[in-house]
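Q: Structure: entry_5.txt, compact mmCIF, C-alpha atoms.
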# COMPACT_ATOMS: atom_id res chain seq x y z
CA MET X 178 14.25 -11.31 5.43
CA SER X 179 14.02 -9.43 8.70
CA LEU X 180 16.41 -6.63 9.37
CA ALA X 181 15.32 -6.32 12.97
CA GLY X 182 17.90 -6.31 15.70
CA ALA X 183 20.68 -4.94 13.53
CA ALA X 184 21.81 -1.33 13.19
CA PRO X 185 19.21 0.99 11.61
CA ALA X 186 18.49 -0.17 8.06
CA THR X 187 19.78 2.07 5.29
CA CYS X 188 17.99 3.30 2.18
CA LEU X 189 19.31 5.14 -0.84
CA VAL X 190 16.69 7.39 -2.45
CA VAL X 191 17.47 7.90 -6.13
CA ASP X 192 15.50 10.52 -8.06
CA ASP X 193 16.46 13.54 -10.20
CA SER X 194 13.70 15.60 -8.57
CA ARG X 195 14.75 17.17 -5.31
CA VAL X 196 11.12 17.52 -4.27
CA VAL X 197 10.46 13.80 -4.74
CA ARG X 198 13.66 12.88 -2.89
CA LYS X 199 12.65 15.02 0.10
CA ALA X 200 9.12 13.61 0.18
CA ALA X 201 10.34 10.03 -0.08
CA ARG X 202 13.10 10.65 2.45
CA ARG X 203 10.66 11.90 5.07
CA ILE X 204 8.48 8.82 4.70
CA VAL X 205 11.33 6.29 4.62
CA GLU X 206 12.90 7.93 7.68
CA ARG X 207 9.59 7.47 9.49
CA PHE X 208 9.94 3.73 8.74
CA GLY X 209 13.20 3.86 10.72
CA PHE X 210 15.71 3.90 7.86
CA THR X 211 18.84 5.99 7.66
CA VAL X 212 18.59 7.70 4.27
CA ARG X 213 21.09 8.90 1.69
CA GLU X 214 20.17 10.53 -1.63
CA ALA X 215 21.42 10.30 -5.21
CA GLU X 216 20.36 12.31 -8.27
CA ASP X 217 20.95 9.71 -10.97
CA GLY X 218 22.06 6.13 -11.55
CA ALA X 219 25.75 6.96 -11.72
CA GLN X 220 25.69 8.74 -8.35
CA ALA X 221 23.67 5.83 -6.96
CA LEU X 222 26.24 3.29 -8.15
CA ALA X 223 29.03 5.33 -6.56
CA ALA X 224 27.04 5.51 -3.31
CA CYS X 225 26.54 1.74 -3.34
CA ARG X 226 30.26 1.15 -3.82
CA GLU X 227 30.98 3.44 -0.89
CA ALA X 228 28.50 1.62 1.41
CA LEU X 229 25.94 -0.88 0.20
CA PRO X 230 22.46 0.14 1.46
CA ASP X 231 19.77 -2.36 2.48
CA ALA X 232 17.27 -0.73 0.13
CA VAL X 233 17.24 1.46 -2.96
CA LEU X 234 14.14 3.46 -3.88
CA LEU X 235 14.78 3.99 -7.58
CA ASP X 236 13.37 6.38 -10.18
CA TRP X 237 13.47 5.19 -13.80
CA ASN X 238 13.93 8.28 -15.98
CA MET X 239 16.98 10.28 -14.92
CA PRO X 240 19.84 12.04 -16.72
CA VAL X 241 23.38 10.56 -16.91
CA MET X 242 22.30 6.99 -16.01
CA ASP X 243 18.68 5.85 -15.82
CA GLY X 244 17.23 3.56 -13.19
CA ILE X 245 17.08 0.33 -15.21
CA THR X 246 20.76 0.73 -16.21
CA PHE X 247 21.68 1.25 -12.57
CA LEU X 248 19.62 -1.79 -11.57
CA ARG X 249 21.36 -4.09 -14.10
CA ALA X 250 24.78 -2.75 -13.09
CA ALA X 251 23.98 -3.18 -9.37
CA ARG X 252 22.75 -6.76 -9.86
CA ALA X 253 25.88 -7.62 -11.87
CA GLU X 254 28.15 -6.11 -9.24
CA PHE X 255 26.42 -6.86 -5.92
CA GLY X 256 24.27 -9.93 -6.66
CA PRO X 257 20.53 -10.61 -6.74
CA ASP X 258 19.47 -9.98 -3.13
CA ARG X 259 21.17 -6.86 -1.91
CA PRO X 260 20.37 -4.06 -2.11
CA VAL X 261 16.61 -4.64 -2.24
CA VAL X 262 15.45 -2.42 -5.11
CA VAL X 263 12.01 -0.80 -5.26
CA LEU X 264 11.34 1.11 -8.48
CA CYS X 265 9.38 4.32 -7.99
CA THR X 266 8.49 5.89 -11.30
CA THR X 267 5.84 7.44 -13.54
CA GLU X 268 6.45 4.52 -15.94
CA ALA X 269 3.20 2.61 -15.45
CA ALA X 270 2.99 0.24 -18.42
CA LEU X 271 2.72 -3.48 -17.74
CA ASP X 272 5.77 -4.34 -19.88
CA ARG X 273 7.87 -1.80 -18.00
CA ILE X 274 7.02 -3.45 -14.68
CA ILE X 275 7.89 -6.86 -16.13
CA GLU X 276 11.18 -5.44 -17.47
CA ALA X 277 12.12 -4.12 -14.03
CA LEU X 278 11.19 -7.35 -12.22
CA GLU X 279 13.19 -9.37 -14.76
CA ALA X 280 16.15 -7.04 -14.25
CA GLY X 281 16.02 -7.94 -10.56
CA ALA X 282 13.82 -5.34 -8.86
CA GLN X 283 12.00 -6.69 -5.80
CA GLU X 284 9.06 -4.28 -6.00
CA TYR X 285 7.59 -1.56 -8.18
CA ILE X 286 5.75 1.64 -7.31
CA MET X 287 3.84 3.68 -9.87
CA LYS X 288 3.88 7.38 -9.05
CA PRO X 289 2.19 9.21 -7.55
CA PHE X 290 2.82 7.40 -4.29
CA ASP X 291 1.87 8.07 -0.69
CA GLU X 292 3.02 6.72 2.65
CA ALA X 293 0.52 3.83 2.58
CA ILE X 294 1.79 2.59 -0.79
CA LEU X 295 5.46 2.94 0.22
CA GLN X 296 4.75 1.04 3.41
CA ASP X 297 2.92 -1.76 1.57
CA LYS X 298 5.68 -2.08 -1.01
CA PHE X 299 8.48 -2.02 1.54
CA ALA X 300 6.61 -4.74 3.44
CA GLN X 301 6.18 -6.84 0.29
CA ALA X 302 9.88 -6.44 -0.46
CA GLY X 303 10.66 -7.75 3.03
CA LEU X 304 12.01 -4.41 4.24
CA LEU X 305 9.28 -3.89 6.84
CA PRO X 306 7.10 -6.26 8.86
CA GLY X 307 3.69 -6.89 7.28
CA THR X 308 1.05 -4.23 7.73
CA THR X 309 -2.06 -4.95 9.74
CA THR X 310 -4.38 -2.44 8.11
CA MET W 216 -27.86 18.20 12.21
CA ASN W 217 -30.26 17.89 15.10
CA ARG W 218 -30.44 14.89 17.42
CA GLU W 219 -33.74 13.70 16.03
CA SER W 220 -32.43 13.62 12.44
CA PHE W 221 -29.37 11.67 13.53
CA ALA W 222 -31.50 9.17 15.46
CA PHE W 223 -33.78 8.75 12.45
CA ILE W 224 -30.98 8.14 9.95
CA ALA W 225 -29.13 5.86 12.41
CA GLY W 226 -32.32 3.85 13.00
CA LEU W 227 -32.97 3.50 9.30
CA VAL W 228 -29.43 2.34 8.54
CA LYS W 229 -29.44 -0.12 11.44
CA SER W 230 -32.70 -1.70 10.35
CA ARG W 231 -31.46 -2.08 6.77
CA SER W 232 -27.87 -3.22 7.39
CA GLY W 233 -27.27 -3.83 11.11
CA LEU W 234 -24.71 -1.02 11.14
CA VAL W 235 -24.72 0.75 14.51
CA LEU W 236 -23.93 4.46 14.34
CA THR W 237 -22.98 6.11 17.60
CA ALA W 238 -23.44 9.80 18.32
CA GLU W 239 -19.65 10.32 18.02
CA GLN W 240 -19.89 9.22 14.40
CA GLY W 241 -21.91 12.27 13.40
CA TYR W 242 -18.87 13.46 11.43
CA MET W 243 -18.99 10.25 9.40
CA LEU W 244 -22.50 11.09 8.24
CA GLU W 245 -21.34 14.50 7.11
CA THR W 246 -18.40 13.19 5.06
CA ARG W 247 -20.03 10.04 3.71
CA LEU W 248 -23.37 11.61 2.81
CA GLY W 249 -22.02 14.91 1.46
CA PRO W 250 -21.93 13.79 -2.20
CA LEU W 251 -25.42 12.31 -1.90
CA LEU W 252 -26.85 15.56 -0.49
CA LYS W 253 -25.35 17.44 -3.40
CA ARG W 254 -26.72 14.96 -5.93
CA GLU W 255 -30.20 15.16 -4.41
CA GLY W 256 -30.09 18.94 -4.08
CA LEU W 257 -30.64 18.73 -0.33
CA PRO W 258 -29.25 21.55 1.83
CA SER W 259 -28.56 19.56 4.99
CA LEU W 260 -28.71 16.22 6.79
CA ASP W 261 -31.89 17.45 8.50
CA ALA W 262 -33.48 17.91 5.08
CA LEU W 263 -32.29 14.42 4.15
CA ALA W 264 -33.87 12.95 7.29
CA ALA W 265 -37.14 14.72 6.47
CA ARG W 266 -37.08 13.33 2.92
CA LEU W 267 -36.34 9.81 4.20
CA LYS W 268 -39.48 9.84 6.36
CA ASP W 269 -41.53 9.65 3.19
CA PRO W 270 -42.29 5.92 2.74
CA ARG W 271 -41.72 6.36 -1.01
CA ALA W 272 -38.06 7.22 -0.37
CA ALA W 273 -36.89 3.57 -0.46
CA THR W 274 -34.32 4.21 -3.20
CA LEU W 275 -32.88 7.12 -1.27
CA ALA W 276 -32.77 5.01 1.91
CA GLU W 277 -30.87 2.40 -0.09
CA ALA W 278 -28.35 4.98 -1.29
CA VAL W 279 -27.84 6.31 2.25
CA THR W 280 -27.25 2.78 3.55
CA GLU W 281 -24.75 2.09 0.76
CA ALA W 282 -22.84 5.29 1.38
CA LEU W 283 -22.47 4.49 5.08
CA THR W 284 -21.58 0.81 4.81
CA THR W 285 -19.00 0.95 2.02
CA ASN W 286 -15.47 0.51 3.26
CA GLU W 287 -12.00 0.92 1.90
CA SER W 288 -10.45 -2.34 0.88
CA SER W 289 -7.06 -3.62 -0.16
CA PHE W 290 -5.63 -6.82 -1.61
CA PHE W 291 -4.42 -9.44 0.89
CA ARG W 292 -5.62 -7.20 3.68
CA ASP W 293 -3.92 -8.13 6.97
CA GLY W 294 -1.87 -10.90 5.23
CA ARG W 295 -2.21 -13.46 8.03
CA PRO W 296 -5.59 -15.06 7.08
CA PHE W 297 -4.32 -15.59 3.55
CA GLU W 298 -1.21 -17.37 4.84
CA HIS W 299 -3.51 -19.62 6.84
CA LEU W 300 -5.74 -20.18 3.80
CA ARG W 301 -2.70 -21.33 1.79
CA ARG W 302 -2.09 -24.04 4.37
CA ALA W 303 -5.78 -24.95 4.82
CA LEU W 304 -6.88 -25.30 1.18
CA PRO W 305 -4.92 -28.43 0.15
CA ALA W 306 -6.27 -30.32 3.19
CA LEU W 307 -9.85 -29.22 2.47
CA ALA W 308 -9.41 -30.20 -1.18
CA SER W 309 -8.24 -33.71 -0.32
CA ALA W 310 -11.06 -34.19 2.23
CA ARG W 311 -13.82 -33.60 -0.32
CA ALA W 312 -15.52 -36.21 -2.50
CA PRO W 313 -14.31 -36.22 -6.12
CA GLY W 314 -15.97 -33.62 -8.34
CA LEU W 315 -17.23 -31.44 -5.50
CA PRO W 316 -15.96 -27.89 -5.86
CA LEU W 317 -14.55 -26.05 -2.84
CA ARG W 318 -16.84 -23.14 -2.03
CA ILE W 319 -15.40 -19.95 -0.59
CA TRP W 320 -17.44 -16.98 0.52
CA SER W 321 -16.23 -13.41 0.78
CA ALA W 322 -19.00 -11.88 2.91
CA ALA W 323 -19.27 -8.08 2.71
CA CYS W 324 -16.87 -8.23 -0.25
CA SER W 325 -17.01 -4.51 -1.10
CA THR W 326 -15.15 -3.90 -4.40
CA GLY W 327 -13.82 -7.45 -4.59
CA GLN W 328 -10.19 -7.21 -3.48
CA GLU W 329 -10.62 -10.00 -0.94
CA ALA W 330 -12.37 -12.31 -3.43
CA TYR W 331 -9.66 -11.73 -6.04
CA SER W 332 -6.90 -12.21 -3.45
CA ILE W 333 -8.43 -15.62 -2.71
CA ALA W 334 -8.62 -16.33 -6.46
CA MET W 335 -4.88 -15.56 -6.80
CA ILE W 336 -4.11 -18.04 -4.01
CA LEU W 337 -6.28 -20.69 -5.67
CA SER W 338 -4.41 -20.14 -8.91
CA GLU W 339 -1.06 -20.45 -7.13
CA LEU W 340 -2.17 -23.61 -5.31
CA ALA W 341 -3.77 -25.31 -8.31
CA PRO W 342 -0.89 -27.82 -8.67
CA ALA W 343 -1.31 -28.90 -5.02
CA MET W 344 -5.10 -29.23 -5.27
CA GLY W 345 -5.25 -32.21 -7.61
CA GLY W 346 -7.52 -30.53 -10.15
CA ARG W 347 -10.12 -29.68 -7.49
CA ARG W 348 -12.43 -26.95 -8.75
CA ALA W 349 -13.20 -23.98 -6.56
CA GLU W 350 -15.70 -21.17 -6.66
CA ILE W 351 -15.67 -17.88 -4.84
CA LEU W 352 -18.86 -16.04 -3.98
CA GLY W 353 -18.63 -12.37 -3.03
CA THR W 354 -21.65 -10.75 -1.43
CA ASP W 355 -22.39 -7.24 -0.25
CA ILE W 356 -25.47 -5.16 0.39
CA ALA W 357 -24.25 -2.28 -1.78
CA GLN W 358 -25.02 -2.58 -5.51
CA GLU W 359 -22.47 0.02 -6.50
CA VAL W 360 -19.49 -1.85 -5.05
CA LEU W 361 -20.80 -5.16 -6.42
CA ALA W 362 -20.87 -3.72 -9.93
CA ARG W 363 -17.25 -2.67 -9.49
CA ALA W 364 -16.31 -6.07 -8.06
CA ARG W 365 -17.86 -7.84 -11.07
CA GLU W 366 -15.88 -5.62 -13.45
CA GLY W 367 -12.70 -6.45 -11.56
CA SER W 368 -11.28 -3.15 -12.76
CA PHE W 369 -9.10 -1.23 -10.33
CA THR W 370 -7.28 2.09 -10.27
CA GLN W 371 -3.51 2.40 -10.17
CA PHE W 372 -3.83 3.41 -6.52
CA GLU W 373 -5.95 0.36 -5.64
CA VAL W 374 -3.62 -2.19 -7.26
CA GLN W 375 -0.73 -0.84 -5.22
CA ARG W 376 -2.44 -1.53 -1.90
CA GLY W 377 -1.44 -4.96 -0.64
CA LEU W 378 -0.71 -6.43 -4.06
CA PRO W 379 2.87 -7.48 -4.85
CA ALA W 380 4.09 -6.34 -8.31
CA ARG W 381 4.76 -9.97 -9.23
CA LEU W 382 1.06 -10.80 -8.79
CA LEU W 383 -0.03 -7.60 -10.53
CA VAL W 384 1.81 -8.51 -13.75
CA GLN W 385 0.71 -12.13 -13.48
CA HIS W 386 -3.01 -11.65 -12.92
CA PHE W 387 -3.96 -8.22 -14.26
CA ARG W 388 -4.26 -6.63 -17.71
CA GLN W 389 -3.99 -2.94 -18.43
CA GLU W 390 -7.16 -1.44 -19.87
CA GLU W 391 -7.48 2.27 -20.54
CA GLY W 392 -5.44 3.42 -17.60
CA ARG W 393 -7.00 0.90 -15.23
CA TRP W 394 -5.97 -2.57 -14.18
CA ARG W 395 -8.39 -5.41 -14.83
CA VAL W 396 -8.30 -8.84 -13.26
CA ALA W 397 -7.53 -11.51 -15.89
CA PRO W 398 -10.53 -13.49 -17.22
CA GLU W 399 -9.21 -16.78 -15.72
CA LEU W 400 -9.46 -15.30 -12.21
CA ARG W 401 -12.75 -13.54 -12.84
CA ALA W 402 -14.16 -16.91 -13.94
CA LEU W 403 -13.57 -18.24 -10.41
CA THR W 404 -15.68 -15.50 -8.85
CA ARG W 405 -19.34 -14.57 -8.71
CA PHE W 406 -20.75 -11.49 -7.01
CA GLU W 407 -24.26 -11.28 -5.68
CA ARG W 408 -26.24 -8.87 -3.57
CA TRP W 409 -27.00 -10.35 -0.17
CA ASN W 410 -27.78 -8.87 3.21
CA LEU W 411 -26.00 -10.65 6.08
CA LEU W 412 -29.06 -10.06 8.25
CA SER W 413 -31.34 -11.93 5.89
CA ASP W 414 -31.72 -15.72 5.53
CA LEU W 415 -28.31 -17.10 4.52
CA ARG W 416 -29.43 -20.67 3.83
CA PRO W 417 -30.10 -20.17 0.09
CA LEU W 418 -26.36 -19.43 -0.32
CA GLY W 419 -25.54 -23.06 0.53
CA ARG W 420 -22.66 -24.67 2.37
CA PHE W 421 -19.17 -23.13 2.38
CA ASP W 422 -15.76 -24.63 3.09
CA VAL W 423 -14.23 -21.22 3.81
CA ILE W 424 -15.91 -17.98 4.90
CA PHE W 425 -14.24 -14.59 5.09
CA CYS W 426 -16.31 -12.12 7.11
CA ARG W 427 -13.83 -9.52 8.20
CA ASN W 428 -14.36 -6.08 9.68
CA VAL W 429 -18.12 -6.36 9.42
CA LEU W 430 -19.14 -7.46 12.92
CA ILE W 431 -17.41 -4.44 14.44
CA TYR W 432 -20.27 -2.33 13.12
CA PHE W 433 -23.00 -4.45 14.75
CA ASP W 434 -24.37 -4.49 18.29
CA ALA W 435 -23.87 -7.67 20.37
CA PRO W 436 -27.22 -9.37 19.62
CA THR W 437 -26.71 -8.78 15.88
CA LYS W 438 -23.13 -10.12 16.10
CA THR W 439 -24.46 -13.29 17.73
CA ARG W 440 -27.18 -13.68 15.14
CA VAL W 441 -24.78 -13.24 12.20
CA LEU W 442 -22.08 -15.51 13.68
CA GLU W 443 -24.59 -18.30 14.27
CA ALA W 444 -26.01 -17.92 10.79
CA LEU W 445 -22.47 -18.08 9.36
CA ALA W 446 -21.69 -21.17 11.46
CA ALA W 447 -24.80 -22.83 10.04
CA GLN W 448 -23.46 -22.33 6.48
CA LEU W 449 -19.93 -23.52 7.34
CA ALA W 450 -18.87 -27.09 6.52
CA PRO W 451 -18.08 -29.18 9.64
CA ASP W 452 -14.33 -28.93 8.88
CA GLY W 453 -14.56 -25.45 7.36
CA VAL W 454 -12.73 -22.28 8.33
CA LEU W 455 -14.08 -18.83 9.21
CA TYR W 456 -11.90 -15.73 9.10
CA LEU W 457 -12.86 -12.66 11.13
CA GLY W 458 -11.18 -9.25 11.32
CA GLY W 459 -8.34 -8.58 13.75
CA ALA W 460 -10.60 -6.65 16.15
CA GLU W 461 -13.39 -9.22 16.06
CA THR W 462 -14.05 -12.33 18.14
CA VAL W 463 -16.67 -15.00 18.84
CA LEU W 464 -15.95 -15.02 22.57
CA GLY W 465 -19.01 -14.21 24.63
CA LEU W 466 -21.14 -14.12 21.46
CA THR W 467 -21.61 -17.73 20.42
CA ALA W 468 -20.49 -21.19 21.50
CA ARG W 469 -20.88 -22.63 18.01
CA LEU W 470 -17.53 -21.28 16.85
CA VAL W 471 -14.14 -21.49 18.53
CA PRO W 472 -10.75 -19.97 17.74
CA VAL W 473 -8.28 -22.25 15.97
CA ALA W 474 -5.41 -22.87 18.40
CA GLY W 475 -2.35 -20.73 17.78
CA GLU W 476 -4.03 -18.57 15.11
CA ARG W 477 -5.51 -15.10 15.25
CA GLY W 478 -8.77 -14.35 13.50
CA VAL W 479 -9.26 -17.99 12.45
CA TYR W 480 -12.30 -19.89 13.71
CA GLU W 481 -13.85 -23.32 13.27
CA LYS W 482 -17.04 -25.03 14.36
CA ALA W 483 -17.07 -26.07 18.01
CA SER W 484 -17.86 -29.68 17.10
CA ALA W 485 -14.82 -29.85 14.75
CA ALA W 486 -12.57 -28.62 17.56
CA ALA W 487 -13.98 -31.27 19.95
CA MET W 488 -13.32 -34.04 17.42
CA ALA W 489 -9.78 -32.83 16.73
CA GLY W 490 -9.06 -32.33 20.45
Turn this file's structure into structure tokens for me.

A:
Amino acid sequence: MSLAGAAPATCLVVDDSRVVRKAARRIVERFGFTVREAEDGAQALAACREALPDAVLLDWNMPVMDGITFLRAARAEFGPDRPVVVLCTTEAALDRIIEALEAGAQEYIMKPFDEAILQDKFAQAGLLPGTTT
Amino acid sequence: MNRESFAFIAGLVKSRSGLVLTAEQGYMLETRLGPLLKREGLPSLDALAARLKDPRAATLAEAVTEALTTNESSFFRDGRPFEHLRRALPALASARAPGLPLRIWSAACSTGQEAYSIAMILSELAPAMGGRRAEILGTDIAQEVLARAREGSFTQFEVQRGLPARLLVQHFRQEEGRWRVAPELRALTRFERWNLLSDLRPLGRFDVIFCRNVLIYFDAPTKTRVLEALAAQLAPDGVLYLGGAETVLGLTARLVPVAGERGVYEKASAAAMAG
């Protein structure tokens, strides 16, 4: 599970809101990741084909291709373990979370999020060492 | 706030809860007691101190103590003790006489995240525990947090601290924008008001005690007193978990660290037998 010792881990931040991408990027960069951004699922899929990231922080509702469609396509193309996918969405219904986990997401964040939640969820997804707080 | 008011409030809180407030924590009084001042229509902490000197102000003293001793909590806080618990429970279960439930105590349980984290582990381990029943007791001195713990109802923010999504969907139900612990888990838990400085013997014997991030607020004699009282309630082969910044060293000889673990303690006699 540990990514330690290798080159800096990479994370693709996928969200149609520029403001959310910037906020998430700043936090994920503080965790030591090299970050790229995508505005929708289609862009995210293209970015994954170009260079598969270690992690994808993934919004659900986006134009062109939504997050769950991206997730299913990514799992079909790249397998179950990589990239590690953490949903990050305003969708907060129990059945939505189940749907995402069944589609192969490792973790799920309900917006709004803050650094503490991102850190916990990245740790639970095996992307960061466990927190001690 | 003047020095005399601070000393009075600090003295009151220490006598009721053991919590030691140092002069540098003056800011904490301001932030923690702000809402209470507003509710009581008091203009300042000095006015609060004056009001508290009235012997009839017991309810207010209670509220002040609660406001200062309530702490933020998260599920599976600091992970490590729960990993140890996963390994320890099956052995404890097989060492007990048939029909005896395992008893686990979450001391200073606050809003219940620790107790429910333990309940989730019990549920996960049920197949390895041979049908052994278990009960979790959560205690705290603050009524308000106990009421919340009993409800087992958490905000969206709270269920995202320390709780994997897999466990959220497995053990929680959505109720009016909040997340409520499933009845099967709530049935494993009981929450009761108890002061750690009072007689602990009526609580009975425990196989596992969690008492984390509580001792840090006490002075050394109080730490010793609480640790020895906890040791007296711990089964001979039981386990005690303390917070990462807490220790028994130099405080009591009745408890010793479990070799190779951090924050895990057992009775000194158990260690001697195992050694």

Q: Do you have, as JSON lines, the list of residues of chain X lying at most 8 Å from chain W, each with its nearest atom pair and that distance in Å to one decimal, counting all atoms listed in the file and ordered by chain then number?

A:
{"residue": "X:Ala270", "atom": "CA", "partner": "W:Gln389", "partner_atom": "CA", "distance": 7.7}
{"residue": "X:Leu271", "atom": "CA", "partner": "W:Val384", "partner_atom": "CA", "distance": 6.5}
{"residue": "X:Ile274", "atom": "CA", "partner": "W:Val384", "partner_atom": "CA", "distance": 7.3}
{"residue": "X:Ile275", "atom": "CA", "partner": "W:Val384", "partner_atom": "CA", "distance": 6.7}
{"residue": "X:Leu278", "atom": "CA", "partner": "W:Arg381", "partner_atom": "CA", "distance": 7.6}
{"residue": "X:Glu284", "atom": "CA", "partner": "W:Ala380", "partner_atom": "CA", "distance": 5.9}
{"residue": "X:Tyr285", "atom": "CA", "partner": "W:Ala380", "partner_atom": "CA", "distance": 5.9}
{"residue": "X:Ile286", "atom": "CA", "partner": "W:Gln375", "partner_atom": "CA", "distance": 7.2}
{"residue": "X:Met287", "atom": "CA", "partner": "W:Gln371", "partner_atom": "CA", "distance": 7.5}
{"residue": "X:Ala293", "atom": "CA", "partner": "W:Arg376", "partner_atom": "CA", "distance": 7.6}
{"residue": "X:Ile294", "atom": "CA", "partner": "W:Arg376", "partner_atom": "CA", "distance": 6.0}
{"residue": "X:Asp297", "atom": "CA", "partner": "W:Gly377", "partner_atom": "CA", "distance": 5.8}
{"residue": "X:Lys298", "atom": "CA", "partner": "W:Pro379", "partner_atom": "CA", "distance": 7.2}
{"residue": "X:Gln301", "atom": "CA", "partner": "W:Pro379", "partner_atom": "CA", "distance": 6.1}
{"residue": "X:Gly307", "atom": "CA", "partner": "W:Gly294", "partner_atom": "CA", "distance": 7.2}
{"residue": "X:Thr308", "atom": "CA", "partner": "W:Asp293", "partner_atom": "CA", "distance": 6.4}
{"residue": "X:Thr309", "atom": "CA", "partner": "W:Asp293", "partner_atom": "CA", "distance": 4.6}
{"residue": "X:Thr310", "atom": "CA", "partner": "W:Asp293", "partner_atom": "CA", "distance": 5.8}

Q: Using only C-alpha atoms, find all polymer residues with an atom at most 12 Å away from the point (18.3, -0.6, -15.8); report them as an mmCIF file with C-alpha atoms, keeping the file's coordinate frame.

A:
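Once everything was written out, this is part-v3.cif:
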data_model
loop_
_atom_site.group_PDB
_atom_site.id
_atom_site.type_symbol
_atom_site.label_atom_id
_atom_site.label_comp_id
_atom_site.auth_asym_id
_atom_site.auth_seq_id
_atom_site.Cartn_x
_atom_site.Cartn_y
_atom_site.Cartn_z
ATOM 1 C CA ASP X 217 20.950 9.710 -10.970
ATOM 2 C CA GLY X 218 22.060 6.130 -11.550
ATOM 3 C CA ALA X 219 25.750 6.960 -11.720
ATOM 4 C CA LEU X 222 26.240 3.290 -8.150
ATOM 5 C CA LEU X 235 14.780 3.990 -7.580
ATOM 6 C CA ASP X 236 13.370 6.380 -10.180
ATOM 7 C CA TRP X 237 13.470 5.190 -13.800
ATOM 8 C CA ASN X 238 13.930 8.280 -15.980
ATOM 9 C CA MET X 239 16.980 10.280 -14.920
ATOM 10 C CA MET X 242 22.300 6.990 -16.010
ATOM 11 C CA ASP X 243 18.680 5.850 -15.820
ATOM 12 C CA GLY X 244 17.230 3.560 -13.190
ATOM 13 C CA ILE X 245 17.080 0.330 -15.210
ATOM 14 C CA THR X 246 20.760 0.730 -16.210
ATOM 15 C CA PHE X 247 21.680 1.250 -12.570
ATOM 16 C CA LEU X 248 19.620 -1.790 -11.570
ATOM 17 C CA ARG X 249 21.360 -4.090 -14.100
ATOM 18 C CA ALA X 250 24.780 -2.750 -13.090
ATOM 19 C CA ALA X 251 23.980 -3.180 -9.370
ATOM 20 C CA ARG X 252 22.750 -6.760 -9.860
ATOM 21 C CA ALA X 253 25.880 -7.620 -11.870
ATOM 22 C CA VAL X 262 15.450 -2.420 -5.110
ATOM 23 C CA LEU X 264 11.340 1.110 -8.480
ATOM 24 C CA ARG X 273 7.870 -1.800 -18.000
ATOM 25 C CA ILE X 274 7.020 -3.450 -14.680
ATOM 26 C CA GLU X 276 11.180 -5.440 -17.470
ATOM 27 C CA ALA X 277 12.120 -4.120 -14.030
ATOM 28 C CA LEU X 278 11.190 -7.350 -12.220
ATOM 29 C CA GLU X 279 13.190 -9.370 -14.760
ATOM 30 C CA ALA X 280 16.150 -7.040 -14.250
ATOM 31 C CA GLY X 281 16.020 -7.940 -10.560
ATOM 32 C CA ALA X 282 13.820 -5.340 -8.860
#

Q: Please identify all polymer residues within 8 Å of Leu305 of chain X, counting all atoms listed in the file, omitting same-chain residues fewer than 4 positions from it, and present them as a VMD selection string.

A: chain X and resid 179 208 296 299 to 301

Q: Would you compute the distance between atom CA of Pro240 of chain X and atom CA of Lys199 of chain X? Give it in Å to one decimal.

A: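 Spanning atom CA of Pro240 of chain X to atom CA of Lys199 of chain X is a straight-line distance of 18.5 Å.
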
Q: Given all atoms listed in the file as the basis, pick out the residue of W:Cys324, W:Ala483, W:Leu430, W:Leu449 nearest to Leu418 of chain W.

A: W:Leu449

Q: For each of X:Asp291, X:Arg213, X:Val205, X:Leu229, take the minimum atom-to-atom distance to Gly256 of chain X, counting all atoms listed in the file, then give the residue where this is smallest.

A: X:Leu229

Q: What's the separation between atom CA of Ala232 of chain X and atom CA of Glu298 of chain W, in Å to one decimal place?

A: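 Interatomic distance here is 25.3 Å.
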
Q: Which residues, written as a ChimeraX atom specification, have at least one atom at most 10 Å from Ala282 of chain W, with all atoms listed in the file counted and residues fewer than 3 positions away on the same chain left out?

A: /W:244,246-251,276-279,285-286,357,359

Q: Taking into account all atoms listed in the file, which residue in the set W:Val441, W:Ala362, W:Val473, W:Ala308 is nearest to Ser325 of chain W?

A: W:Ala362

Q: Of the residues W:Leu260, W:Leu340, W:Arg231, W:Arg393, which is the one nearest to Glu219 of chain W, using all atoms listed in the file?

A: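 Looking at the shortest contact to Glu219 of chain W, the residue is W:Leu260.
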
Q: Please write out, as lines of an AutoDock Vina configuration file, where the centre of an axis-aligned box around all listed atoms of segment 449-465 of chain W lies and how long its edges are, in Å to one decimal, after adding 5 Å on each side.

A:
center_x = -14.1
center_y = -17.9
center_z = 15.6
size_x = 21.6
size_y = 32.5
size_z = 28.1

Q: As an exercise, work out the distance from atom CA of Thr211 of chain X to atom CA of Glu268 of chain X in Å and give it to one decimal place.

A: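 Pair atom CA of Thr211 of chain X / atom CA of Glu268 of chain X returns 26.7 Å.
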
Q: Can you pull out the residues contacting Glu206 of chain X? Cut-off 12 Å, using all atoms listed in the file, and skip same-chain residues under 5 positions away; I want them as a list in words.

A: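 With the cut-off at 12 Å, the set is Pro185, Ala186, Thr187, Cys188, Leu189, Val190, Arg198, Lys199, Ala200, Ala201, Thr211, Val212, Arg213, Glu292, Leu295 and Gln296 of chain X.
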
Q: Go through W:Arg416, W:Lys268, W:Glu461, W:Ser230 and flag the residue nearest Val429 of chain W, using all atoms listed in the file for the distances.

A: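 Using all atoms listed in the file, Val429 of chain W sits closest to W:Glu461.
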
Q: Using all atoms listed in the file, which protein or nucleic acid residues come within 9 Å of Glu481 of chain W? Drop anything in the same chain fewer than 5 positions from it, and give the result as number ranges by chain.

A: W: 446, 449, 451-456, 469-473, 486

Q: Given only C-alpha atoms as the basis, pick out the residue of W:Glu329, W:Asp422, W:Glu255, W:Glu476 nearest to Ala364 of chain W.

A: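 Selected residue with least distance to Ala364 of chain W: W:Glu329.
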